[in-house]
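Have a look at protein37.cif below; it lists mmCIF, C-alpha atoms.
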data_start
loop_
_atom_site.label_atom_id
_atom_site.label_comp_id
_atom_site.auth_asym_id
_atom_site.auth_seq_id
_atom_site.Cartn_x
_atom_site.Cartn_y
_atom_site.Cartn_z
CA GLU N 1 115.53 115.66 86.58
CA ALA N 2 117.23 117.27 89.53
CA GLY N 3 115.13 117.54 92.68
CA VAL N 4 114.31 120.50 94.87
CA ALA N 5 117.48 121.71 96.55
CA GLN N 6 117.50 123.24 100.00
CA SER N 7 120.25 124.56 102.23
CA PRO N 8 121.46 124.46 104.85
CA ARG N 9 120.42 121.00 105.95
CA TYR N 10 120.70 121.81 109.64
CA LYS N 11 120.90 125.04 111.60
CA ILE N 12 121.17 125.73 115.32
CA ILE N 13 120.73 129.31 116.52
CA GLU N 14 119.98 131.11 119.75
CA LYS N 15 116.64 132.78 120.27
CA ARG N 16 116.42 136.33 118.95
CA GLN N 17 119.01 135.59 116.28
CA SER N 18 118.17 135.64 112.59
CA VAL N 19 118.37 132.81 110.07
CA ALA N 20 117.78 132.32 106.36
CA PHE N 21 116.92 129.26 104.31
CA TRP N 22 117.42 128.83 100.60
CA CYS N 23 115.43 126.81 98.06
CA ASN N 24 116.09 126.04 94.40
CA PRO N 25 113.01 124.42 92.83
CA ILE N 26 112.86 122.07 89.89
CA SER N 27 113.51 123.92 86.66
CA GLY N 28 110.29 125.07 85.07
CA HIS N 29 108.14 124.70 88.17
CA ALA N 30 106.24 127.95 88.46
CA THR N 31 104.70 127.31 91.85
CA LEU N 32 106.80 127.22 95.02
CA TYR N 33 105.65 126.58 98.56
CA TRP N 34 107.27 126.90 101.98
CA TYR N 35 105.92 124.62 104.68
CA GLN N 36 106.79 124.39 108.38
CA GLN N 37 106.79 120.90 109.89
CA ILE N 38 106.95 120.72 113.67
CA LEU N 39 108.07 117.37 115.08
CA GLY N 40 105.23 114.86 114.97
CA GLN N 41 102.97 117.10 112.90
CA GLY N 42 102.01 117.43 109.27
CA PRO N 43 103.49 120.21 107.14
CA LYS N 44 101.80 123.61 107.57
CA LEU N 45 101.78 126.09 104.70
CA LEU N 46 103.62 129.35 105.28
CA ILE N 47 103.64 130.94 101.84
CA GLN N 48 102.91 130.15 98.20
CA PHE N 49 104.54 131.80 95.18
CA GLN N 50 103.50 131.70 91.54
CA ASN N 51 106.57 132.68 89.53
CA ASN N 52 107.92 135.65 91.51
CA GLY N 53 104.56 136.78 92.91
CA VAL N 54 103.04 135.91 96.28
CA VAL N 55 99.79 133.96 95.92
CA ASP N 56 99.05 133.38 99.61
CA ASP N 57 100.97 134.45 102.70
CA SER N 58 98.04 134.51 105.08
CA GLN N 59 99.67 131.98 107.43
CA LEU N 60 103.10 133.59 107.47
CA PRO N 61 103.89 135.30 110.81
CA LYS N 62 104.89 138.53 109.13
CA ASP N 63 106.23 140.19 112.26
CA ARG N 64 109.20 137.82 112.13
CA PHE N 65 109.06 135.79 108.91
CA SER N 66 109.71 137.04 105.41
CA ALA N 67 110.15 135.33 102.07
CA GLU N 68 111.01 136.28 98.55
CA ARG N 69 111.39 134.60 95.20
CA LEU N 70 113.64 136.58 92.95
CA LYS N 71 113.26 136.18 89.19
CA GLY N 72 110.71 133.43 89.76
CA VAL N 73 113.33 130.80 90.50
CA ASP N 74 115.21 130.56 93.83
CA SER N 75 113.52 131.50 97.05
CA THR N 76 114.69 132.48 100.52
CA LEU N 77 112.80 132.31 103.79
CA LYS N 78 114.03 134.42 106.70
CA ILE N 79 113.22 134.48 110.37
CA GLN N 80 114.17 137.50 112.47
CA PRO N 81 114.15 137.30 115.42
CA ALA N 82 113.77 133.58 116.02
CA LYS N 83 111.75 132.16 118.90
CA LEU N 84 111.98 128.77 120.56
CA GLU N 85 108.69 127.71 118.94
CA ASP N 86 110.21 128.20 115.48
CA SER N 87 112.16 124.98 115.96
CA ALA N 88 110.94 122.82 113.09
CA VAL N 89 111.81 121.45 109.67
CA TYR N 90 111.24 123.98 106.91
CA LEU N 91 110.25 122.27 103.69
CA CYS N 92 110.27 123.80 100.26
CA ALA N 93 108.11 122.24 97.55
CA SER N 94 107.58 123.05 93.92
CA SER N 95 105.07 121.96 91.32
CA LEU N 96 104.42 122.22 87.62
CA ASP N 97 100.76 121.35 87.98
CA ALA N 98 99.97 120.29 91.51
CA SER N 99 96.43 119.25 90.59
CA LEU N 100 97.81 116.50 88.38
CA ARG N 101 101.35 115.75 89.53
CA GLY N 102 101.44 116.78 93.16
CA TYR N 103 104.31 118.47 94.91
CA THR N 104 108.01 117.68 94.84
CA PHE N 105 109.52 118.41 98.22
CA GLY N 106 113.09 119.23 99.12
CA SER N 107 114.82 117.46 102.00
CA GLY N 108 114.18 120.41 104.27
CA THR N 109 116.18 122.49 106.73
CA ARG N 110 116.00 121.38 110.34
CA LEU N 111 116.10 124.47 112.56
CA THR N 112 116.77 124.24 116.27
CA VAL N 113 116.36 127.41 118.33
CA VAL N 114 117.99 127.25 121.76
CA GLN Q 1 90.82 123.07 108.20
CA GLN Q 2 93.23 120.22 108.89
CA PRO Q 3 92.09 116.74 107.78
CA VAL Q 4 92.01 114.02 110.41
CA GLN Q 5 94.02 110.86 109.83
CA SER Q 6 93.52 107.51 111.50
CA PRO Q 7 95.09 105.51 112.92
CA GLN Q 8 97.94 107.63 114.30
CA ALA Q 9 100.29 104.68 114.18
CA VAL Q 10 100.24 101.06 113.07
CA ILE Q 11 102.71 98.19 113.26
CA LEU Q 12 102.54 95.42 110.67
CA ARG Q 13 104.45 92.28 109.92
CA GLU Q 14 105.67 91.80 106.39
CA GLY Q 15 102.88 90.59 104.17
CA GLU Q 16 100.04 92.06 106.22
CA ASP Q 17 97.58 94.67 104.96
CA ALA Q 18 96.78 98.13 106.29
CA VAL Q 19 94.26 100.88 105.70
CA ILE Q 20 94.89 104.54 106.50
CA ASN Q 21 91.98 106.96 106.54
CA CYS Q 22 91.81 110.68 105.94
CA SER Q 23 88.65 112.64 106.76
CA SER Q 24 87.70 116.25 106.27
CA SER Q 25 84.85 118.39 107.58
CA LYS Q 26 84.99 120.44 104.38
CA ALA Q 27 83.97 119.46 100.88
CA LEU Q 28 87.03 118.30 99.01
CA TYR Q 29 88.16 118.66 95.42
CA SER Q 30 91.22 116.45 95.67
CA VAL Q 31 93.24 114.37 98.10
CA HIS Q 32 96.98 113.74 97.81
CA TRP Q 33 98.93 111.00 99.56
CA TYR Q 34 102.63 111.30 100.49
CA ARG Q 35 105.07 109.05 102.32
CA GLN Q 36 107.90 110.46 104.41
CA LYS Q 37 110.76 108.37 105.72
CA HIS Q 38 112.66 109.55 108.76
CA GLY Q 39 114.83 112.55 107.96
CA GLU Q 40 113.77 112.62 104.32
CA ALA Q 41 111.44 114.67 102.15
CA PRO Q 42 107.83 113.60 101.72
CA VAL Q 43 107.40 111.70 98.46
CA PHE Q 44 104.29 111.99 96.31
CA LEU Q 45 102.30 108.75 95.96
CA MET Q 46 99.05 109.64 94.22
CA ILE Q 47 96.18 112.07 93.77
CA LEU Q 48 92.49 111.31 94.08
CA LEU Q 49 90.25 113.78 92.28
CA LYS Q 50 86.60 114.54 92.85
CA GLY Q 51 84.65 112.39 90.43
CA GLY Q 52 87.71 110.29 89.72
CA GLU Q 53 88.20 106.58 90.02
CA GLN Q 54 90.07 104.63 92.63
CA LYS Q 55 93.76 104.72 91.86
CA GLY Q 56 96.51 102.32 92.54
CA HIS Q 57 100.01 101.23 91.81
CA GLU Q 58 101.02 97.65 92.47
CA LYS Q 59 100.16 97.02 96.10
CA ILE Q 60 99.29 100.57 97.14
CA SER Q 61 95.91 101.96 96.16
CA ALA Q 62 93.49 104.60 97.36
CA SER Q 63 89.86 105.60 97.15
CA PHE Q 64 87.97 108.87 97.57
CA ASN Q 65 84.42 108.95 98.94
CA GLU Q 66 83.10 112.40 98.01
CA LYS Q 67 79.90 112.04 100.02
CA LYS Q 68 81.81 111.28 103.21
CA GLN Q 69 84.72 113.64 102.37
CA GLN Q 70 87.02 110.76 103.14
CA SER Q 71 89.92 109.05 101.43
CA SER Q 72 91.48 105.72 102.30
CA LEU Q 73 94.94 104.43 101.44
CA TYR Q 74 95.27 100.66 101.10
CA LEU Q 75 98.60 98.90 101.49
CA THR Q 76 98.48 95.20 100.69
CA ALA Q 77 101.10 92.56 101.35
CA SER Q 78 103.26 95.16 103.08
CA GLN Q 79 107.02 95.25 102.56
CA LEU Q 80 109.73 96.62 104.83
CA SER Q 81 110.14 99.51 102.39
CA TYR Q 82 106.60 100.68 103.15
CA SER Q 83 107.68 101.90 106.59
CA GLY Q 84 107.36 105.64 107.09
CA THR Q 85 104.82 108.30 107.91
CA TYR Q 86 101.92 108.71 105.51
CA PHE Q 87 100.32 112.11 105.06
CA CYS Q 88 97.16 113.04 103.27
CA GLY Q 89 96.96 116.54 101.84
CA THR Q 90 93.61 118.01 100.87
CA TYR Q 91 92.44 120.79 98.57
CA SER Q 92 88.92 122.15 98.90
CA GLY Q 93 88.66 123.64 95.43
CA ALA Q 94 88.54 127.22 96.66
CA GLY Q 95 91.31 129.70 96.02
CA SER Q 96 94.80 128.83 94.90
CA TYR Q 97 95.87 125.20 94.70
CA GLN Q 98 97.49 124.48 98.05
CA LEU Q 99 97.36 121.47 100.31
CA THR Q 100 96.40 121.21 103.96
CA PHE Q 101 98.07 118.19 105.51
CA GLY Q 102 96.92 115.84 108.23
CA LYS Q 103 99.12 114.96 111.20
CA GLY Q 104 100.26 111.75 109.59
CA THR Q 105 100.07 108.01 110.23
CA LYS Q 106 103.28 106.28 111.23
CA LEU Q 107 103.54 102.84 109.64
CA SER Q 108 106.14 100.39 110.84
CA VAL Q 109 106.64 97.11 108.99
CA ILE Q 110 108.65 94.50 110.84
CA PRO Q 111 110.07 91.18 109.61
#

Could you quickly redo this structure as structure tokens?
Amino acid sequence: EAGVAQSPRYKIIEKRQSVAFWCNPISGHATLYWYQQILGQGPKLLIQFQNNGVVDDSQLPKDRFSAERLKGVDSTLKIQPAKLEDSAVYLCASSLDASLRGYTFGSGTRLTVV
Amino acid sequence: QQPVQSPQAVILREGEDAVINCSSSKALYSVHWYRQKHGEAPVFLMILLKGGEQKGHEKISASFNEKKQQSSLYLTASQLSYSGTYFCGTYSGAGSYQLTFGKGTKLSVIP
């Protein structure tokens, strides 16, 4: 089966600019997660979707981050305006049944804010 | 709350064994283990469930001590391909199924 697709792979922007990341999960995976991974750290959950509904966005900095999952398939994560501390890898993961099969991660988008 | 992994880093020669630990201050329902190679996505290795048995695949196995809220990942007769950063992800059993990851253990296997 095809994996989780993410784009772009790399992005460099100046602070206060906006940026968007795209994720296409594995077909049939109802649950989709966005994680932020700062260099040298473990992934930190930003938001969880079940189909096209938000399950948990308690750790999403909503003053600057937003995410949506249209039609329960693709998802986009946006940052506006970006800050230097947003420099990180943004990982998208999907699962059919995480309690049995775990997550499948995409390769991530490496964001550098200068 | 973020689980604590130890050690932070380990260097092995091919054929040596290693143990990576993951501890939580909260009661756990399940523990996941993932391996991430540099610049790549984390890859799922295995899940340990509360009340479940020790799991393993070839030379990589893991255990889950519910009383101590701790899981250990065992790598035996290490190969060069085992190099990477190992993350444990924990789920407490409350709320939606989502993992909280530790900071990772960097494993380097050298010839």

Using all atoms listed in the file, find all polymer residues with an atom at most 9 Å away from the point (100.5, 117.3, 108.8); report them as a PyMOL selection string.
-> (chain N and resi 37-38+40-44) or (chain Q and resi 2-3+87-89+100-104)

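Between N:Val73 and the candidates N:Tyr90, N:Tyr10, N:Tyr35, N:Trp22, the tightest atom-to-atom separation, counting only C-alpha atoms, involves N:Trp22.
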
Taking only C-alpha atoms into account, report as JSON, numbers by chain which residues of chain N lie within 12 Å of chain Q.
-> {"N": [3, 4, 5, 6, 9, 10, 31, 32, 33, 34, 35, 36, 37, 38, 39, 40, 41, 42, 43, 44, 45, 46, 47, 48, 49, 50, 54, 55, 56, 57, 59, 89, 90, 91, 92, 93, 94, 95, 96, 97, 98, 99, 100, 101, 102, 103, 104, 105, 106, 107, 108, 109, 110]}

Explicit residues for the PyMOL selection byres ((chain Q and resi 81) around 12) (as a compact mmCIF listing (two decimals) with C-alpha atoms, keeping the file's coordinate frame):
# COMPACT_ATOMS: atom_id res chain seq x y z
CA LEU Q 12 102.54 95.42 110.67
CA ARG Q 13 104.45 92.28 109.92
CA GLU Q 14 105.67 91.80 106.39
CA GLY Q 15 102.88 90.59 104.17
CA ARG Q 35 105.07 109.05 102.32
CA GLN Q 36 107.90 110.46 104.41
CA LYS Q 37 110.76 108.37 105.72
CA LEU Q 75 98.60 98.90 101.49
CA ALA Q 77 101.10 92.56 101.35
CA SER Q 78 103.26 95.16 103.08
CA GLN Q 79 107.02 95.25 102.56
CA LEU Q 80 109.73 96.62 104.83
CA TYR Q 82 106.60 100.68 103.15
CA SER Q 83 107.68 101.90 106.59
CA GLY Q 84 107.36 105.64 107.09
CA THR Q 85 104.82 108.30 107.91
CA LEU Q 107 103.54 102.84 109.64
CA SER Q 108 106.14 100.39 110.84
CA VAL Q 109 106.64 97.11 108.99
CA ILE Q 110 108.65 94.50 110.84
CA PRO Q 111 110.07 91.18 109.61

Between atom CA of Q:Gln5 and atom CA of Q:Asn21, distance in Å (one decimal) |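 So the two atoms, atom CA of Q:Gln5 and atom CA of Q:Asn21, lie 5.5 Å apart.
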
Could you name the residues that touch N:Lys78 at 9 Å or less, counting only C-alpha atoms, but leaving out those on the same chain fewer than 2 positions away, as a list in words?
-> Ser18, Val19, Ala20, Phe21, Trp22, Arg64, Phe65, Ser66, Ala67, Glu68, Thr76 and Gln80 of chain N

Write out as a list in words which residues come within 8 Å of Q:Ser92 when counting all atoms listed in the file, dropping same-chain ones fewer than 2 positions away.
-> Lys26, Ala27, Leu28, Tyr29, Ser30, Thr90 and Ala94 of chain Q

Would you work out the distance separating atom CA of N:Ile13 from atom CA of N:Pro61, expressed in Å to one decimal?
->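 Interatomic distance here is 18.8 Å.
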
Using atom CA of N:Gln17 and atom CA of N:Arg69 as the two end points, give the distance in Å to one decimal.
->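 Between these atoms lies a distance of 22.4 Å.
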
Using the chain letters and numbering of this document, enumerate as a list in words the residues selected by the PyMOL selection byres ((chain Q and resi 67) around 12).
->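 The output of the PyMOL selection byres ((chain Q and resi 67) around 12) on this file is Ser23, Ser24, Ser25, Lys26, Ala27, Leu28, Tyr29, Lys50, Gly51, Phe64, Asn65, Glu66, Lys68, Gln69, Gln70 and Ser71 of chain Q.
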